[in-house]
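Text of target.tsv, listed as TSV, C-alpha atoms:
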chain	number	residue	atom	x	y	z
A	1	MET	CA	16.66	-30.82	78.53
A	2	ILE	CA	12.93	-31.33	78.64
A	3	ASN	CA	12.40	-27.68	77.76
A	4	GLN	CA	14.64	-27.99	74.68
A	5	LEU	CA	12.78	-31.09	73.48
A	6	SER	CA	9.49	-29.32	74.03
A	7	LYS	CA	10.68	-26.31	72.00
A	8	LYS	CA	11.87	-28.56	69.15
A	9	PHE	CA	8.58	-30.45	69.21
A	10	THR	CA	6.63	-27.19	69.13
A	11	THR	CA	8.74	-25.90	66.21
A	12	ILE	CA	8.19	-29.12	64.25
A	13	LEU	CA	4.47	-28.98	65.00
A	14	ILE	CA	4.26	-25.37	63.83
A	15	LEU	CA	6.15	-26.24	60.64
A	16	LEU	CA	3.84	-29.17	60.00
A	17	LEU	CA	0.78	-26.99	60.53
A	18	LEU	CA	2.20	-24.35	58.18
A	19	GLY	CA	2.83	-27.06	55.57
A	20	LEU	CA	-0.70	-28.37	55.97
A	21	GLN	CA	-2.10	-24.87	55.62
A	22	ALA	CA	-0.02	-24.30	52.48
A	23	THR	CA	-1.32	-27.59	51.02
A	24	ILE	CA	-4.93	-26.66	51.79
A	25	TYR	CA	-4.37	-23.25	50.22
A	26	LEU	CA	-2.96	-24.79	47.04
A	27	TYR	CA	-5.84	-27.28	46.76
A	28	ASN	CA	-8.36	-24.51	47.27
A	29	GLN	CA	-6.75	-22.52	44.49
A	30	LYS	CA	-6.94	-25.34	41.94
A	31	PRO	CA	-10.69	-25.11	41.04
A	32	LEU	CA	-10.41	-21.37	40.64
A	33	TYR	CA	-7.56	-21.91	38.22
A	34	VAL	CA	-9.67	-24.37	36.20
A	35	SER	CA	-12.60	-22.00	36.20
A	36	PHE	CA	-10.58	-19.11	34.89
A	37	SER	CA	-8.90	-21.23	32.25
A	38	LYS	CA	-12.26	-21.97	30.52
A	39	LYS	CA	-13.02	-19.96	27.43
A	40	ASN	CA	-16.28	-19.51	25.59
A	41	ILE	CA	-15.87	-20.16	21.90
A	42	THR	CA	-18.30	-18.68	19.40
A	43	VAL	CA	-18.61	-19.83	15.80
A	44	GLU	CA	-20.92	-18.37	13.15
A	45	ASN	CA	-22.86	-20.47	10.59
A	46	PHE	CA	-21.92	-23.59	12.42
A	47	SER	CA	-22.57	-27.19	11.36
A	48	SER	CA	-21.14	-30.42	12.66
A	49	ILE	CA	-21.77	-34.12	13.14
A	50	VAL	CA	-22.37	-35.78	16.51
A	51	LEU	CA	-22.45	-39.52	17.21
A	52	SER	CA	-25.29	-40.33	19.61
A	53	ASN	CA	-27.82	-43.04	20.49
A	54	SER	CA	-29.85	-42.17	17.39
A	55	GLY	CA	-26.78	-42.63	15.21
A	56	ILE	CA	-25.05	-39.85	13.39
A	57	THR	CA	-26.78	-36.54	14.06
A	58	LYS	CA	-26.04	-33.48	12.00
A	59	ILE	CA	-26.34	-30.27	13.98
A	60	GLY	CA	-26.15	-26.69	12.83
A	61	SER	CA	-27.10	-23.14	13.68
A	62	GLU	CA	-26.58	-19.51	12.81
A	63	LYS	CA	-24.18	-19.30	15.72
A	64	LEU	CA	-22.54	-21.79	18.08
A	65	ASN	CA	-21.61	-20.90	21.62
A	66	LYS	CA	-19.39	-23.46	23.31
A	67	ILE	CA	-19.96	-23.24	27.05
A	68	ASP	CA	-17.50	-26.00	28.01
A	69	ASP	CA	-16.38	-29.41	26.78
A	70	LYS	CA	-19.84	-30.89	27.49
A	71	ASN	CA	-22.27	-28.07	26.72
A	72	ILE	CA	-22.95	-26.08	23.59
A	73	ASP	CA	-25.68	-23.61	22.70
A	74	LEU	CA	-27.02	-23.37	19.17
A	75	ILE	CA	-28.01	-19.72	18.79
A	76	GLY	CA	-30.60	-18.47	16.29
A	77	GLU	CA	-32.15	-20.80	13.73
A	78	SER	CA	-30.86	-24.28	14.56
A	79	TYR	CA	-31.37	-27.89	13.56
A	80	LEU	CA	-30.64	-31.48	14.53
A	81	GLU	CA	-31.01	-34.07	11.80
A	82	ASN	CA	-30.57	-37.84	11.74
A	83	ASP	CA	-32.30	-40.90	10.27
A	84	GLU	CA	-35.04	-40.80	12.94
A	85	TYR	CA	-35.98	-37.14	13.01
A	86	LYS	CA	-35.31	-33.62	11.87
A	87	ILE	CA	-35.69	-30.96	14.57
A	88	TYR	CA	-35.87	-27.32	13.51
A	89	GLY	CA	-35.98	-24.61	16.16
A	90	GLU	CA	-34.20	-21.68	17.71
A	91	ASN	CA	-31.72	-21.44	20.56
A	92	ILE	CA	-31.21	-25.13	21.24
A	93	SER	CA	-28.94	-26.18	24.08
A	94	ILE	CA	-27.06	-29.47	23.87
A	95	ASN	CA	-25.39	-31.48	26.60
A	96	LEU	CA	-23.05	-33.71	24.62
A	97	ALA	CA	-22.02	-35.93	27.55
A	98	ASP	CA	-25.59	-36.79	28.59
A	99	GLU	CA	-26.96	-36.71	25.01
A	100	ILE	CA	-29.66	-34.20	25.94
A	101	SER	CA	-30.87	-31.35	23.77
A	102	TYR	CA	-33.61	-28.89	24.69
A	103	SER	CA	-35.23	-25.59	23.86
A	104	ASP	CA	-38.05	-23.49	25.28
A	105	GLU	CA	-38.87	-22.02	21.91
A	106	ALA	CA	-41.13	-23.10	19.07
A	107	VAL	CA	-39.97	-26.26	17.40
A	108	LYS	CA	-40.88	-28.20	14.27
A	109	VAL	CA	-40.11	-31.89	14.00
A	110	ILE	CA	-40.37	-34.10	10.94
A	111	ASN	CA	-40.24	-37.85	11.45
A	112	LYS	CA	-41.57	-41.01	9.82
A	113	MET	CA	-45.04	-40.39	11.29
A	114	GLY	CA	-45.52	-36.81	10.16
A	115	THR	CA	-44.82	-33.20	11.08
A	116	LEU	CA	-45.06	-32.01	14.66
A	117	LYS	CA	-45.14	-28.47	16.01
A	118	ALA	CA	-44.68	-27.65	19.70
A	119	GLU	CA	-43.71	-24.77	21.97
A	120	GLY	CA	-40.59	-26.46	23.30
A	121	PHE	CA	-38.83	-29.80	23.59
A	122	LYS	CA	-36.38	-31.89	25.58
A	123	ASN	CA	-34.68	-34.73	23.74
A	124	LEU	CA	-33.26	-37.50	25.92
A	125	ASP	CA	-31.44	-39.19	23.10
A	126	TYR	CA	-29.89	-41.95	25.22
A	127	GLU	CA	-33.42	-42.98	26.33
A	128	GLY	CA	-34.94	-42.56	22.89
A	129	LYS	CA	-37.54	-40.14	24.26
A	130	ILE	CA	-38.48	-36.65	23.15
A	131	PHE	CA	-40.76	-34.57	25.39
A	132	PHE	CA	-42.72	-31.84	23.63
A	133	SER	CA	-44.38	-29.11	25.67
A	134	GLY	CA	-47.14	-26.54	25.15
A	135	ALA	CA	-49.79	-26.75	22.48
A	136	ILE	CA	-48.97	-29.65	20.17
A	137	GLU	CA	-50.07	-30.12	16.58
A	138	PHE	CA	-48.96	-33.35	14.92
A	139	ILE	CA	-50.05	-33.74	11.30
A	140	ILE	CA	-49.84	-37.40	10.34
A	141	ASN	CA	-48.65	-38.51	6.90
A	142	GLU	CA	-51.40	-39.96	4.73
B	1	MET	CA	-76.64	-2.65	-27.33
B	2	LYS	CA	-73.58	-1.58	-25.32
B	3	VAL	CA	-75.61	-1.63	-22.10
B	4	ARG	CA	-76.82	-5.17	-22.84
B	5	TYR	CA	-73.27	-6.28	-23.56
B	6	PHE	CA	-72.09	-4.67	-20.34
B	7	PHE	CA	-74.71	-6.51	-18.24
B	8	LEU	CA	-73.94	-9.82	-19.93
B	9	GLU	CA	-70.30	-9.29	-19.16
B	10	GLN	CA	-71.13	-8.52	-15.52
B	11	LEU	CA	-73.28	-11.65	-15.26
B	12	ASN	CA	-70.52	-13.73	-16.77
B	13	LEU	CA	-68.01	-12.37	-14.25
B	14	LEU	CA	-70.42	-13.02	-11.39
B	15	LEU	CA	-70.94	-16.63	-12.46
B	16	MET	CA	-67.22	-17.17	-12.88
B	17	ASN	CA	-66.59	-15.80	-9.38
B	18	LYS	CA	-69.21	-18.11	-7.90
B	19	PHE	CA	-67.74	-21.08	-9.73
B	20	ILE	CA	-64.20	-20.36	-8.48
B	21	TYR	CA	-65.54	-19.82	-4.95
B	22	LEU	CA	-67.29	-23.22	-5.03
B	23	LEU	CA	-64.16	-24.91	-6.34
B	24	VAL	CA	-62.07	-23.41	-3.52
B	25	LEU	CA	-64.68	-24.47	-0.95
B	26	LEU	CA	-64.72	-28.02	-2.28
B	27	PHE	CA	-60.93	-28.15	-2.23
B	28	LEU	CA	-60.78	-26.89	1.37
B	29	LYS	CA	-63.49	-29.28	2.50
B	30	PHE	CA	-61.74	-32.24	0.87
B	31	ASN	CA	-58.46	-31.34	2.56
B	32	ALA	CA	-60.10	-30.77	5.94
B	33	TYR	CA	-61.63	-34.25	5.94
B	34	SER	CA	-58.58	-36.07	4.64
B	35	GLU	CA	-56.10	-34.80	7.22
B	36	SER	CA	-55.08	-37.07	10.10
B	37	TYR	CA	-53.61	-35.46	13.19
B	38	VAL	CA	-52.99	-35.45	16.93
B	39	LYS	CA	-53.46	-32.25	18.90
B	40	ALA	CA	-52.79	-31.75	22.61
B	41	ASP	CA	-52.77	-28.74	24.92
B	42	ASP	CA	-50.14	-29.83	27.46
B	43	SER	CA	-47.54	-32.28	26.22
B	44	LEU	CA	-46.60	-35.10	23.93
B	45	ILE	CA	-43.91	-37.73	24.51
B	46	TRP	CA	-42.42	-39.65	21.62
B	47	ASP	CA	-40.82	-42.84	22.93
B	48	SER	CA	-38.99	-44.47	20.03
B	49	ASN	CA	-37.83	-47.46	22.13
B	50	ASP	CA	-41.39	-48.26	23.20
B	51	GLN	CA	-42.72	-47.16	19.78
B	52	SER	CA	-45.42	-44.99	21.28
B	53	TYR	CA	-46.73	-41.44	21.50
B	54	THR	CA	-48.32	-40.21	24.74
B	55	ALA	CA	-50.34	-36.99	24.54
B	56	ARG	CA	-51.87	-35.11	27.48
B	57	GLY	CA	-54.35	-32.27	27.89
B	58	ASP	CA	-57.47	-31.92	25.73
B	59	VAL	CA	-56.22	-34.45	23.23
B	60	GLU	CA	-57.78	-34.56	19.78
B	61	PHE	CA	-57.04	-37.48	17.47
B	62	LYS	CA	-58.32	-37.76	13.92
B	63	ASN	CA	-57.83	-40.42	11.30
B	64	ASP	CA	-59.71	-41.30	8.12
B	65	GLN	CA	-62.36	-43.15	10.16
B	66	PHE	CA	-63.27	-40.99	13.15
B	67	ILE	CA	-62.35	-38.07	15.36
B	68	ALA	CA	-61.73	-38.63	19.07
B	69	PHE	CA	-61.34	-36.39	22.12
B	70	SER	CA	-59.96	-37.29	25.55
B	71	ASP	CA	-57.74	-36.12	28.41
B	72	LYS	CA	-54.91	-38.51	27.55
B	73	MET	CA	-53.91	-40.68	24.61
B	74	ILE	CA	-51.33	-43.42	24.16
B	75	ALA	CA	-50.80	-44.50	20.58
B	76	LYS	CA	-48.63	-47.46	19.64
B	77	TYR	CA	-47.07	-47.62	16.21
B	78	ILE	CA	-45.07	-49.85	13.93
B	79	GLU	CA	-42.79	-49.06	11.01
B	80	GLU	CA	-44.04	-50.00	7.57
B	81	ASN	CA	-42.15	-49.13	4.40
B	82	ASN	CA	-39.99	-46.63	6.28
B	83	GLU	CA	-43.09	-44.90	7.70
B	84	GLU	CA	-44.63	-45.02	11.16
B	85	VAL	CA	-48.24	-46.23	11.32
B	86	PHE	CA	-50.52	-46.24	14.37
B	87	THR	CA	-51.72	-49.73	15.30
B	88	ILE	CA	-53.39	-49.25	18.69
B	89	VAL	CA	-54.79	-46.01	20.07
B	90	GLU	CA	-55.84	-45.84	23.72
B	91	LEU	CA	-57.87	-42.93	25.05
B	92	PHE	CA	-58.27	-42.13	28.74
B	93	GLU	CA	-60.85	-40.02	30.62
B	94	ASN	CA	-63.74	-38.06	29.10
B	95	VAL	CA	-63.55	-39.98	25.87
B	96	VAL	CA	-65.75	-38.77	23.02
B	97	ILE	CA	-65.58	-40.39	19.59
B	98	GLU	CA	-67.45	-39.01	16.61
B	99	PHE	CA	-68.02	-41.53	13.84
B	100	LYS	CA	-70.26	-40.34	10.99
B	101	ASP	CA	-73.58	-39.44	12.66
B	102	GLU	CA	-72.85	-41.36	15.86
B	103	VAL	CA	-71.20	-40.16	19.06
B	104	PHE	CA	-69.64	-42.67	21.47
B	105	LYS	CA	-68.72	-41.63	25.02
B	106	GLY	CA	-66.91	-43.46	27.80
B	107	ASN	CA	-64.15	-43.41	30.41
B	108	TYR	CA	-61.70	-45.39	28.33
B	109	ALA	CA	-61.43	-46.44	24.70
B	110	ILE	CA	-59.12	-48.59	22.65
B	111	TYR	CA	-59.00	-48.59	18.86
B	112	THR	CA	-57.26	-51.43	17.03
B	113	ARG	CA	-56.33	-50.68	13.46
B	114	ASP	CA	-55.97	-54.34	12.41
B	115	ASN	CA	-59.64	-55.20	12.94
B	116	ASN	CA	-60.95	-51.62	12.86
B	117	ILE	CA	-62.79	-52.03	16.16
B	118	ILE	CA	-63.32	-49.39	18.84
B	119	LYS	CA	-63.97	-50.67	22.35
B	120	LEU	CA	-65.21	-48.28	25.03
B	121	ILE	CA	-65.41	-49.10	28.75
B	122	GLY	CA	-67.04	-47.29	31.66
B	123	ASN	CA	-70.14	-45.07	31.59
B	124	VAL	CA	-70.55	-45.74	27.91
B	125	SER	CA	-73.16	-44.10	25.72
B	126	ILE	CA	-73.93	-44.26	22.05
B	127	LYS	CA	-75.90	-41.45	20.49
B	128	SER	CA	-77.29	-41.42	17.00
B	129	PRO	CA	-79.94	-39.18	15.39
B	130	THR	CA	-82.64	-41.64	16.42
B	131	ARG	CA	-81.54	-43.05	19.77
B	132	LEU	CA	-79.42	-42.73	22.89
B	133	LEU	CA	-78.24	-45.91	24.60
B	134	THR	CA	-76.12	-46.24	27.73
B	135	GLY	CA	-74.18	-49.12	29.28
B	136	TYR	CA	-70.83	-50.25	30.64
B	137	GLU	CA	-69.07	-51.48	27.52
B	138	LEU	CA	-69.45	-50.70	23.83
B	139	ILE	CA	-67.83	-52.56	20.98
B	140	ALA	CA	-68.09	-50.71	17.68
B	141	ASP	CA	-67.07	-52.86	14.73
B	142	ILE	CA	-66.60	-50.27	12.01
B	143	ASP	CA	-65.98	-52.63	9.09
B	144	ASN	CA	-69.07	-54.73	9.79
B	145	ASN	CA	-71.14	-51.80	11.06
B	146	LYS	CA	-71.98	-53.61	14.31
B	147	ARG	CA	-72.51	-52.07	17.73
B	148	ILE	CA	-72.59	-54.25	20.83
B	149	LEU	CA	-73.54	-52.56	24.08
B	150	ASN	CA	-73.17	-54.42	27.38
B	151	SER	CA	-74.33	-53.52	30.87
B	152	ALA	CA	-71.99	-53.54	33.90
B	153	ASP	CA	-72.66	-57.25	34.29
B	154	ASN	CA	-70.93	-58.60	31.22
B	155	ASP	CA	-73.29	-61.58	31.00
B	156	SER	CA	-76.34	-59.44	30.37
B	157	LEU	CA	-76.42	-58.03	26.90
B	158	VAL	CA	-78.39	-54.81	26.71
B	159	GLU	CA	-78.69	-54.41	22.98
B	160	VAL	CA	-77.04	-55.51	19.79
B	161	LEU	CA	-77.37	-53.27	16.78
B	162	LEU	CA	-76.80	-54.95	13.49
B	163	ASP	CA	-76.93	-53.41	10.09
B	164	ASP	CA	-76.95	-55.91	7.26
B	165	ASN	CA	-76.35	-53.16	4.75
B	166	ALA	CA	-72.85	-52.58	5.97
B	167	ASN	CA	-71.13	-50.38	3.49
B	168	ASN	CA	-67.81	-49.65	5.20
Go through the file and emit its structure as structure tokens.
Amino acid sequence: MINQLSKKFTTILILLLLGLQATIYLYNQKPLYVSFSKKNITVENFSSIVLSNSGITKIGSEKLNKIDDKNIDLIGESYLENDEYKIYGENISINLADEISYSDEAVKVINKMGTLKAEGFKNLDYEGKIFFSGAIEFIINE
Amino acid sequence: MKVRYFFLEQLNLLLMNKFIYLLVLLFLKFNAYSESYVKADDSLIWDSNDQSYTARGDVEFKNDQFIAFSDKMIAKYIEENNEEVFTIVELFENVVIEFKDEVFKGNYAIYTRDNNIIKLIGNVSIKSPTRLLTGYELIADIDNNKRILNSADNDSLVEVLLDDNANN
């Protein structure tokens, strides 16, 4: 009698363990599925409008490469324009969720103070700060 | 006769060339002196919330009054008629300011546009073609052409330079 109960208990335990293993397997598979379902989208002569901290920003480039729902790369000659500034550069990456844009390549910015040239930039739009790197030349309007 | 005409023509061309060259030089010189700018070797941060620009690394600042050099600069601005205008410019470390034939040096400087006064603090010197003065604090009033130089002890005035023929 005791032996039969023990066998039943062992069978149930094994079934439970198998079920648990199957669940873990399925959960482990889910991120892989998401990863493979992502597609890079490329658009040529792209221009669009983005609503950010600085208001409505017009963005454009020779080519747009959509990495995912949050990140896009502006390939080739690119720009970001709004009421506060106009940024002209090349290969600008944009994180739409965090409102960050950046580039390690030469950039020209026109704002209400004047015209600025730098070797790269990082625009934290939600903080209202733009960091320019490298040699800077900022010609001030007369 | 032809030879004389030829030489006259050559002379005329030479004079014309010189005249154009002088005109170009004058144009370039005028533009060079009228341009205001900020230059920096390392970085510049534009903070639109704080309404300031912070430049680092061999900073060079020029306006229609003077040219200044330092390691770091923080310039505050306001918006006037849809344009940004510097109101206060602070310079940090190895400050050198060239104003006409004078050179001011110090550890720190602050320029206020409203009253057109430059104040330098720390190891201050003022050099002109005729003299070199040193002290702790220098107040250069550009509009009134006044220079006040104080020693480390603020109560003891080292020298006050006054020019009644202020023409600024």
Note to self: Based on only C-alpha atoms, which of the residues in chain B come within 8 Å of chain A? I want them as JSON, numbers by chain.
What the structure shows: {"B": [35, 36, 37, 38, 39, 40, 41, 42, 43, 44, 45, 46, 47, 48, 49, 82, 83, 84, 85]}
Next item on the list: Find the residues around A:Asp69 up to 9 Å (all atoms listed in the file counted), leave out those fewer than 3 positions away in its own chain, and share them as number ranges by chain.
Entry: A: 66, 72, 96-97
Would you export the selected residues with C-alpha atoms as a PDB file, in the coordinates of the input, please?
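As a result, again_38.pdb now contains:
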ATOM      1  CA  LYS A  66     -19.390 -23.460  23.310  1.00  0.00           C
ATOM      2  CA  ILE A  72     -22.950 -26.080  23.590  1.00  0.00           C
ATOM      3  CA  LEU A  96     -23.050 -33.710  24.620  1.00  0.00           C
ATOM      4  CA  ALA A  97     -22.020 -35.930  27.550  1.00  0.00           C
TER       5      ALA A  97
END
Checklist line | atom CA of B:Phe69 to atom CA of B:Tyr108, straight-line distance in Å | finding: 10.9 Å
Item checked: Contacts of A:Asn95 at 10 Å (all atoms listed in the file; same-chain gap of 3+ positions) as number ranges by chain -> A: 67-73, 98-102, 124
Next item on the list: Find the distance between atom CA of B:Asn150 and atom CA of B:Asp58 and write it in Å to one decimal.
Entry: 27.5 Å
Notebook entry, point to check: So how far away is atom CA of A:Lys86 from atom CA of B:Tyr77, in Å?
Noted result: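 Pair atom CA of B:Tyr77 / atom CA of A:Lys86 returns 18.8 Å.
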Next item on the list: Might you pull out every residue within 12 Å of B:Leu138, with only C-alpha atoms counted and same-chain residues fewer than 4 positions away left off, and present them as a PyMOL selection string?
Entry: chain B and resi 97+103-111+117-127+133-134+146-152+154+157-161
Can we get stretch 43-79 of chain A of that structure written down with N, CA and C atoms, as a CSV table (one decimal), in the first residue's frame?
chain,number,residue,atom,x,y,z
A,43,VAL,N,14.7,53.8,-45.1
A,43,VAL,CA,13.9,54.7,-46.0
A,43,VAL,C,14.9,55.7,-46.6
A,44,GLU,N,14.8,56.0,-47.9
A,44,GLU,CA,15.7,56.9,-48.5
A,44,GLU,C,15.0,58.3,-48.5
A,45,ASN,N,15.8,59.4,-48.5
A,45,ASN,CA,15.3,60.8,-48.5
A,45,ASN,C,14.2,61.0,-47.5
A,46,PHE,N,14.6,60.7,-46.3
A,46,PHE,CA,13.6,60.7,-45.2
A,46,PHE,C,13.4,62.0,-44.6
A,47,SER,N,12.2,62.4,-44.3
A,47,SER,CA,11.9,63.5,-43.4
A,47,SER,C,10.6,63.3,-42.6
A,48,SER,N,10.6,63.8,-41.4
A,48,SER,CA,9.5,63.5,-40.5
A,48,SER,C,9.4,64.6,-39.4
A,49,ILE,N,8.4,64.5,-38.6
A,49,ILE,CA,8.2,65.5,-37.5
A,49,ILE,C,8.2,64.7,-36.2
A,50,VAL,N,8.9,65.2,-35.2
A,50,VAL,CA,8.9,64.5,-33.9
A,50,VAL,C,8.5,65.6,-32.8
A,51,LEU,N,7.7,65.2,-31.9
A,51,LEU,CA,7.3,66.1,-30.8
A,51,LEU,C,8.2,65.8,-29.6
A,52,SER,N,9.0,66.8,-29.2
A,52,SER,CA,9.9,66.6,-28.1
A,52,SER,C,9.8,67.8,-27.1
A,53,ASN,N,10.8,67.8,-26.2
A,53,ASN,CA,10.8,68.9,-25.2
A,53,ASN,C,11.0,70.3,-25.8
A,54,SER,N,11.7,70.3,-26.9
A,54,SER,CA,11.9,71.6,-27.6
A,54,SER,C,10.7,71.9,-28.5
A,55,GLY,N,9.7,71.2,-28.5
A,55,GLY,CA,8.5,71.4,-29.4
A,55,GLY,C,8.6,70.5,-30.5
A,56,ILE,N,8.0,71.0,-31.6
A,56,ILE,CA,8.0,70.2,-32.8
A,56,ILE,C,9.3,70.2,-33.5
A,57,THR,N,10.0,69.1,-33.7
A,57,THR,CA,11.3,69.0,-34.4
A,57,THR,C,11.2,68.3,-35.7
A,58,LYS,N,11.6,69.0,-36.7
A,58,LYS,CA,11.6,68.4,-38.1
A,58,LYS,C,13.0,67.6,-38.2
A,59,ILE,N,12.9,66.4,-38.6
A,59,ILE,CA,14.1,65.6,-38.8
A,59,ILE,C,14.2,65.1,-40.2
A,60,GLY,N,15.4,65.0,-40.8
A,60,GLY,CA,15.5,64.4,-42.1
A,60,GLY,C,16.9,64.0,-42.4
A,61,SER,N,17.0,63.1,-43.4
A,61,SER,CA,18.3,62.6,-43.8
A,61,SER,C,18.2,62.0,-45.2
A,62,GLU,N,19.4,61.7,-45.7
A,62,GLU,CA,19.5,61.0,-47.0
A,62,GLU,C,18.9,59.6,-46.9
A,63,LYS,N,19.1,59.1,-45.7
A,63,LYS,CA,18.6,57.7,-45.5
A,63,LYS,C,18.2,57.5,-44.0
A,64,LEU,N,17.2,56.8,-43.8
A,64,LEU,CA,16.8,56.5,-42.4
A,64,LEU,C,16.9,55.0,-42.2
A,65,ASN,N,17.5,54.7,-41.0
A,65,ASN,CA,17.6,53.3,-40.7
A,65,ASN,C,16.9,53.1,-39.3
A,66,LYS,N,15.8,52.4,-39.3
A,66,LYS,CA,15.1,52.2,-38.1
A,66,LYS,C,15.6,51.0,-37.4
A,67,ILE,N,16.2,51.2,-36.2
A,67,ILE,CA,16.8,50.1,-35.5
A,67,ILE,C,15.7,49.3,-34.8
A,68,ASP,N,14.9,50.0,-34.0
A,68,ASP,CA,13.7,49.4,-33.3
A,68,ASP,C,12.7,50.6,-33.1
A,69,ASP,N,11.7,50.3,-32.2
A,69,ASP,CA,10.7,51.3,-32.0
A,69,ASP,C,11.2,52.6,-31.4
A,70,LYS,N,12.4,52.5,-30.7
A,70,LYS,CA,12.9,53.6,-29.9
A,70,LYS,C,14.1,54.3,-30.6
A,71,ASN,N,14.8,53.5,-31.5
A,71,ASN,CA,16.1,54.1,-32.0
A,71,ASN,C,16.0,54.1,-33.5
A,72,ILE,N,16.5,55.3,-34.0
A,72,ILE,CA,16.6,55.4,-35.5
A,72,ILE,C,18.0,56.1,-35.8
A,73,ASP,N,18.5,55.7,-36.9
A,73,ASP,CA,19.8,56.3,-37.4
A,73,ASP,C,19.5,57.1,-38.6
A,74,LEU,N,20.0,58.4,-38.6
A,74,LEU,CA,19.9,59.2,-39.8
A,74,LEU,C,21.2,59.1,-40.5
A,75,ILE,N,21.2,58.5,-41.7
A,75,ILE,CA,22.4,58.2,-42.4
A,75,ILE,C,22.7,59.3,-43.5
A,76,GLY,N,24.0,59.6,-43.6
A,76,GLY,CA,24.3,60.6,-44.6
A,76,GLY,C,24.0,62.0,-44.1
A,77,GLU,N,23.9,63.0,-45.0
A,77,GLU,CA,23.6,64.3,-44.6
A,77,GLU,C,22.2,64.4,-43.8
A,78,SER,N,22.2,64.9,-42.6
A,78,SER,CA,21.0,64.8,-41.8
A,78,SER,C,20.8,66.2,-41.1
A,79,TYR,N,19.5,66.4,-40.6
A,79,TYR,CA,19.2,67.6,-39.9
A,79,TYR,C,18.2,67.4,-38.9
